[in-house]
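**Student:** Here it is, the structure in full.
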Amino acid sequence: MTEEVISHSAEETTLWGREFAKGLKPPVLVLLTGDLGAGKTTLTKGIVAGLGAANEDEVTSPTFTLLHVYGGASAKVYHGDLYRIESFHDFETVGLEDVFANPAVVILEWSERFPLPSPWPQIRLRLEHRGGNTRRITVSAE
């Protein structure tokens, strides 16, 4: 299945993320790709808020912390950034392998940098600049 969505603003991208979240059931990997500034974190704000794990303004880029955890004990949403991950050792050092201990929604930015073998269903979201504030979001499920 492949779907394309055009967003004309950050607000539209966040709103689309909220709607997209309604179809997510743990366990699932949401793999985000796209250039710097393409809207990966903006989209994640909508997904996390749509899942009820945090408010949009609480969701920030995990570029430096590498992993944020939202939600309570019963339903967690993990938001990771693989841009700086160079090896499996780096992956383990950050504690990313722990995200697979219990069913969760795991959202990974820069997922193409470190492909993860996982038995969990995967949904790929590719974000592309289309000029100005317009973005194309391509959705493909595996």
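Residue names in the structure tokens use chain letters A, B, ... in the order shown, residue numbers from 1 in each chain, and ligand numbers from 1 in the order shown.
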Leaving out region 12-24 of chain A and any residue of its chain fewer than 2 positions from it, which residues lie within 7 Å of it when counting only C-alpha atoms, given as a list of chain:residue names?
**Tutor:** A:Ser7, A:His8, A:Ser9, A:Ala10, A:Pro26, A:Thr42, A:Leu43, A:Thr44, A:Lys45, A:Gly46, A:Ile47, A:Ala49, A:Gly50, A:Leu51
**Student:** Identify, on the basis of only C-alpha atoms, every residue whose closest approach to Thr33 (chain A) does not exceed 12 Å; exclude the query and any residue fewer than 3 positions from it along the same chain; express the result as a PyMOL selection string.
**Tutor:** chain A and resi 30+36-41+43-44+81-83+107-115+123-129+136-140
**Student:** May I have the residues from that selection written out with N, CA and C atoms, as a short mmCIF file (atom, residue, chain, number, x, y, z; two decimals), in the first residue's frame?
**Tutor:**
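In the end it all went to result28.cif:
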data_model
loop_
_atom_site.label_atom_id
_atom_site.label_comp_id
_atom_site.auth_asym_id
_atom_site.auth_seq_id
_atom_site.Cartn_x
_atom_site.Cartn_y
_atom_site.Cartn_z
N VAL A 30 7.32 3.18 13.07
CA VAL A 30 7.03 4.24 12.11
C VAL A 30 8.39 4.82 11.72
N LEU A 36 16.94 17.34 6.14
CA LEU A 36 16.84 18.26 7.27
C LEU A 36 15.75 19.28 6.97
N GLY A 37 14.89 19.52 7.94
CA GLY A 37 13.84 20.51 7.77
C GLY A 37 12.65 20.04 6.96
N ALA A 38 12.59 18.75 6.66
CA ALA A 38 11.48 18.24 5.84
C ALA A 38 10.18 18.12 6.64
N GLY A 39 10.27 18.12 7.98
CA GLY A 39 9.06 18.07 8.79
C GLY A 39 8.89 16.80 9.60
N LYS A 40 9.96 16.04 9.80
CA LYS A 40 9.86 14.77 10.53
C LYS A 40 9.39 14.98 11.97
N THR A 41 9.99 15.95 12.66
CA THR A 41 9.58 16.19 14.05
C THR A 41 8.21 16.84 14.10
N LEU A 43 5.74 16.30 12.06
CA LEU A 43 4.81 15.20 11.87
C LEU A 43 4.70 14.36 13.14
N THR A 44 5.83 14.11 13.79
CA THR A 44 5.85 13.32 15.02
C THR A 44 5.03 13.99 16.11
N ASP A 81 16.05 9.23 17.11
CA ASP A 81 16.75 9.85 16.00
C ASP A 81 18.00 9.03 15.74
N LEU A 82 18.10 8.44 14.56
CA LEU A 82 19.23 7.56 14.24
C LEU A 82 20.33 8.27 13.46
N TYR A 83 20.25 9.60 13.34
CA TYR A 83 21.21 10.33 12.54
C TYR A 83 22.65 10.11 13.01
N ILE A 107 8.74 5.54 16.83
CA ILE A 107 8.89 6.47 15.70
C ILE A 107 10.38 6.78 15.59
N LEU A 108 10.97 6.48 14.44
CA LEU A 108 12.41 6.69 14.26
C LEU A 108 12.68 7.64 13.10
N GLU A 109 13.31 8.77 13.42
CA GLU A 109 13.76 9.70 12.38
C GLU A 109 15.10 9.22 11.83
N TRP A 110 15.35 9.51 10.56
CA TRP A 110 16.57 9.10 9.88
C TRP A 110 16.71 7.57 9.90
N SER A 111 15.62 6.88 9.72
CA SER A 111 15.60 5.42 9.83
C SER A 111 16.47 4.74 8.77
N GLU A 112 16.73 5.41 7.67
CA GLU A 112 17.56 4.83 6.62
C GLU A 112 19.03 4.72 7.03
N ARG A 113 19.44 5.45 8.07
CA ARG A 113 20.84 5.45 8.52
C ARG A 113 21.23 4.15 9.22
N PHE A 114 20.24 3.47 9.83
CA PHE A 114 20.55 2.26 10.57
C PHE A 114 19.34 1.32 10.47
N PRO A 115 19.24 0.56 9.39
CA PRO A 115 18.08 -0.33 9.22
C PRO A 115 17.99 -1.34 10.37
N ILE A 123 5.83 0.94 9.05
CA ILE A 123 5.21 1.92 8.15
C ILE A 123 6.27 2.96 7.86
N ARG A 124 6.53 3.17 6.58
CA ARG A 124 7.54 4.16 6.17
C ARG A 124 6.85 5.45 5.73
N LEU A 125 7.33 6.56 6.27
CA LEU A 125 6.83 7.88 5.90
C LEU A 125 8.01 8.68 5.36
N ARG A 126 7.92 9.03 4.09
CA ARG A 126 8.98 9.84 3.48
C ARG A 126 8.45 11.26 3.30
N LEU A 127 9.18 12.24 3.84
CA LEU A 127 8.79 13.63 3.73
C LEU A 127 9.72 14.34 2.76
N GLU A 128 9.13 15.11 1.85
CA GLU A 128 9.92 15.82 0.84
C GLU A 128 9.47 17.27 0.73
N HIS A 129 10.45 18.19 0.64
CA HIS A 129 10.17 19.60 0.37
C HIS A 129 9.56 19.71 -1.02
N ARG A 136 5.47 16.84 0.62
CA ARG A 136 4.81 15.62 0.18
C ARG A 136 5.17 14.53 1.18
N ILE A 137 4.14 13.84 1.67
CA ILE A 137 4.34 12.73 2.60
C ILE A 137 3.92 11.47 1.86
N THR A 138 4.86 10.55 1.69
CA THR A 138 4.58 9.29 1.03
C THR A 138 4.55 8.19 2.11
N VAL A 139 3.44 7.47 2.16
CA VAL A 139 3.23 6.43 3.16
C VAL A 139 3.31 5.08 2.49
N SER A 140 4.13 4.19 3.02
CA SER A 140 4.15 2.82 2.52
C SER A 140 4.26 1.86 3.71
#
**Student:** Give the answer as one residue: which of A:Leu31, A:Ala141, A:Val5, A:Ala53 has the shortest atom-to-atom distance to Gly72 (chain A), using only C-alpha atoms?
**Tutor:**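 With only C-alpha atoms as the atom set, the closest residue is A:Ala53.
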**Student:** Assign secondary structure with DSSP using the backbone only, and return the residues of region 19-134 of chain A in strand (DSSP E) as a PyMOL selection string.
**Tutor:** chain A and resi 28-33+67-71+76-81+105-109+122-129
**Student:** Excluding same-chain residues fewer than 5 positions from region 97-106 of chain A, what lies within 9 Å of it counting only C-alpha atoms, as a compact mmCIF listing (two decimals) with all heavy atoms, in the first residue's frame?
**Tutor:**
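The result, stored in part.txt:
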# COMPACT_ATOMS: atom_id res chain seq x y z
N LEU A 24 -2.78 3.58 14.18
CA LEU A 24 -1.61 2.87 14.72
C LEU A 24 -1.99 2.01 15.91
O LEU A 24 -2.64 2.48 16.84
CB LEU A 24 -0.53 3.87 15.14
CG LEU A 24 0.10 4.69 14.04
CD1 LEU A 24 1.10 5.67 14.62
CD2 LEU A 24 0.77 3.79 13.00
N LYS A 25 -1.57 0.77 15.87
CA LYS A 25 -1.77 -0.16 16.97
C LYS A 25 -0.43 -0.80 17.32
O LYS A 25 0.23 -1.38 16.47
CB LYS A 25 -2.75 -1.27 16.57
CG LYS A 25 -4.12 -0.76 16.12
CD LYS A 25 -4.94 -0.25 17.29
CE LYS A 25 -6.30 0.20 16.86
NZ LYS A 25 -6.50 1.61 16.90
N PRO A 26 0.00 -0.68 18.60
CA PRO A 26 1.27 -1.30 19.00
C PRO A 26 1.20 -2.82 18.86
O PRO A 26 0.13 -3.38 19.05
CB PRO A 26 1.42 -0.91 20.46
CG PRO A 26 0.38 0.13 20.74
CD PRO A 26 -0.66 0.00 19.69
N PRO A 27 2.27 -3.48 18.52
CA PRO A 27 3.59 -2.91 18.23
C PRO A 27 3.70 -2.48 16.77
O PRO A 27 3.20 -3.16 15.88
CB PRO A 27 4.52 -4.09 18.50
CG PRO A 27 3.72 -5.29 18.11
CD PRO A 27 2.29 -4.95 18.48
N VAL A 28 4.35 -1.35 16.54
CA VAL A 28 4.57 -0.88 15.19
C VAL A 28 5.78 0.06 15.16
O VAL A 28 6.02 0.81 16.10
CB VAL A 28 3.31 -0.16 14.61
CG1 VAL A 28 2.98 1.10 15.39
CG2 VAL A 28 3.45 0.11 13.13
N LEU A 29 6.54 -0.02 14.07
CA LEU A 29 7.65 0.90 13.82
C LEU A 29 7.18 1.90 12.77
O LEU A 29 6.71 1.50 11.70
CB LEU A 29 8.86 0.17 13.26
CG LEU A 29 9.68 -0.69 14.20
CD1 LEU A 29 10.78 -1.41 13.42
CD2 LEU A 29 10.29 0.14 15.29
N VAL A 30 7.32 3.18 13.07
CA VAL A 30 7.03 4.24 12.11
C VAL A 30 8.39 4.82 11.72
O VAL A 30 9.06 5.44 12.54
CB VAL A 30 6.11 5.32 12.71
CG1 VAL A 30 5.86 6.42 11.70
CG2 VAL A 30 4.80 4.70 13.19
N LEU A 31 8.80 4.56 10.49
CA LEU A 31 10.14 4.91 10.02
C LEU A 31 10.07 6.16 9.16
O LEU A 31 9.48 6.15 8.08
CB LEU A 31 10.72 3.73 9.24
CG LEU A 31 10.75 2.40 10.01
CD1 LEU A 31 11.18 1.27 9.10
CD2 LEU A 31 11.64 2.50 11.23
N ALA A 75 0.99 2.51 27.95
CA ALA A 75 1.17 2.74 26.51
C ALA A 75 2.27 3.76 26.30
O ALA A 75 2.10 4.94 26.59
CB ALA A 75 -0.13 3.23 25.90
N LYS A 76 3.39 3.30 25.79
CA LYS A 76 4.52 4.19 25.55
C LYS A 76 4.69 4.46 24.05
O LYS A 76 4.41 3.61 23.22
CB LYS A 76 5.80 3.57 26.09
CG LYS A 76 5.90 3.55 27.60
CD LYS A 76 7.33 3.27 28.00
CE LYS A 76 7.58 3.02 29.44
NZ LYS A 76 7.02 3.81 30.43
N VAL A 77 5.17 5.66 23.77
CA VAL A 77 5.57 6.03 22.42
C VAL A 77 7.03 6.45 22.52
O VAL A 77 7.39 7.32 23.31
CB VAL A 77 4.71 7.20 21.86
CG1 VAL A 77 5.22 7.60 20.48
CG2 VAL A 77 3.24 6.82 21.82
N TYR A 78 7.87 5.79 21.72
CA TYR A 78 9.30 6.10 21.67
C TYR A 78 9.56 6.91 20.41
O TYR A 78 9.08 6.55 19.33
CB TYR A 78 10.13 4.82 21.65
CG TYR A 78 10.02 4.01 22.91
CD1 TYR A 78 9.06 3.02 23.03
CD2 TYR A 78 10.89 4.23 23.98
CE1 TYR A 78 8.96 2.26 24.19
CE2 TYR A 78 10.80 3.48 25.14
CZ TYR A 78 9.83 2.50 25.24
OH TYR A 78 9.73 1.75 26.38
N HIS A 79 10.34 7.98 20.56
CA HIS A 79 10.69 8.84 19.43
C HIS A 79 12.21 8.93 19.39
O HIS A 79 12.82 9.55 20.25
CB HIS A 79 10.04 10.22 19.63
CG HIS A 79 10.38 11.22 18.58
ND1 HIS A 79 10.34 12.57 18.82
CD2 HIS A 79 10.73 11.08 17.29
CE1 HIS A 79 10.67 13.23 17.72
NE2 HIS A 79 10.92 12.34 16.77
N GLY A 80 12.79 8.28 18.40
CA GLY A 80 14.24 8.23 18.31
C GLY A 80 14.77 8.90 17.06
O GLY A 80 14.06 9.11 16.09
N PHE A 91 23.78 2.00 19.25
CA PHE A 91 22.36 1.70 19.42
C PHE A 91 22.11 1.18 20.84
O PHE A 91 21.20 1.63 21.53
CB PHE A 91 21.98 0.64 18.37
CG PHE A 91 20.52 0.37 18.25
CD1 PHE A 91 19.70 1.21 17.54
CD2 PHE A 91 19.98 -0.76 18.84
CE1 PHE A 91 18.35 0.94 17.40
CE2 PHE A 91 18.62 -1.04 18.71
CZ PHE A 91 17.81 -0.18 17.99
N GLU A 92 22.94 0.26 21.29
CA GLU A 92 22.79 -0.32 22.64
C GLU A 92 23.11 0.70 23.73
O GLU A 92 22.45 0.73 24.77
CB GLU A 92 23.71 -1.53 22.80
CG GLU A 92 23.30 -2.72 21.98
CD GLU A 92 24.29 -3.87 22.13
OE1 GLU A 92 25.50 -3.63 22.08
OE2 GLU A 92 23.81 -5.00 22.31
N SER A 118 13.25 -6.22 12.48
CA SER A 118 12.22 -6.27 13.52
C SER A 118 11.05 -7.10 13.03
O SER A 118 10.65 -6.99 11.88
CB SER A 118 11.74 -4.87 13.86
OG SER A 118 10.60 -4.93 14.68
N TRP A 120 8.17 -6.56 14.09
CA TRP A 120 7.03 -5.65 14.19
C TRP A 120 6.65 -5.11 12.80
O TRP A 120 7.52 -4.93 11.94
CB TRP A 120 7.36 -4.47 15.08
CG TRP A 120 7.50 -4.79 16.53
CD1 TRP A 120 7.52 -6.03 17.12
CD2 TRP A 120 7.65 -3.86 17.59
NE1 TRP A 120 7.66 -5.91 18.47
CE2 TRP A 120 7.75 -4.58 18.79
CE3 TRP A 120 7.71 -2.47 17.63
CZ2 TRP A 120 7.90 -3.97 20.02
CZ3 TRP A 120 7.86 -1.86 18.87
CH2 TRP A 120 7.96 -2.60 20.05
**Student:** Please return, as JSON, numbers by chain, all residues of region 2-141 of chain A that DSSP assigns to helix (DSSP H, G or I) on the basis of the backbone.
**Tutor:** {"A": [10, 11, 12, 13, 14, 15, 16, 17, 18, 19, 20, 21, 40, 41, 42, 43, 44, 45, 46, 47, 48, 49, 50, 56, 57, 58, 88, 89, 90, 91, 92, 93, 94, 96, 97, 98, 99, 100, 111, 112, 113]}
**Student:** I need the residue nearest Arg84 (chain A) from this list: A:Gln122, A:Gly52, A:Pro117, A:Phe64. Use only C-alpha atoms for the distance.
**Tutor:**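 Of the candidates, the smallest distance to Arg84 (chain A) is held by A:Phe64.
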**Student:** Record the distance separating CA of Glu3 (chain A) and CA of Pro62 (chain A), expressed in Å with one decimal.
**Tutor:** 26.6 Å
**Student:** So how far away is CA of Ile85 (chain A) from CA of Val69 (chain A), in Å?
**Tutor:** 17.8 Å
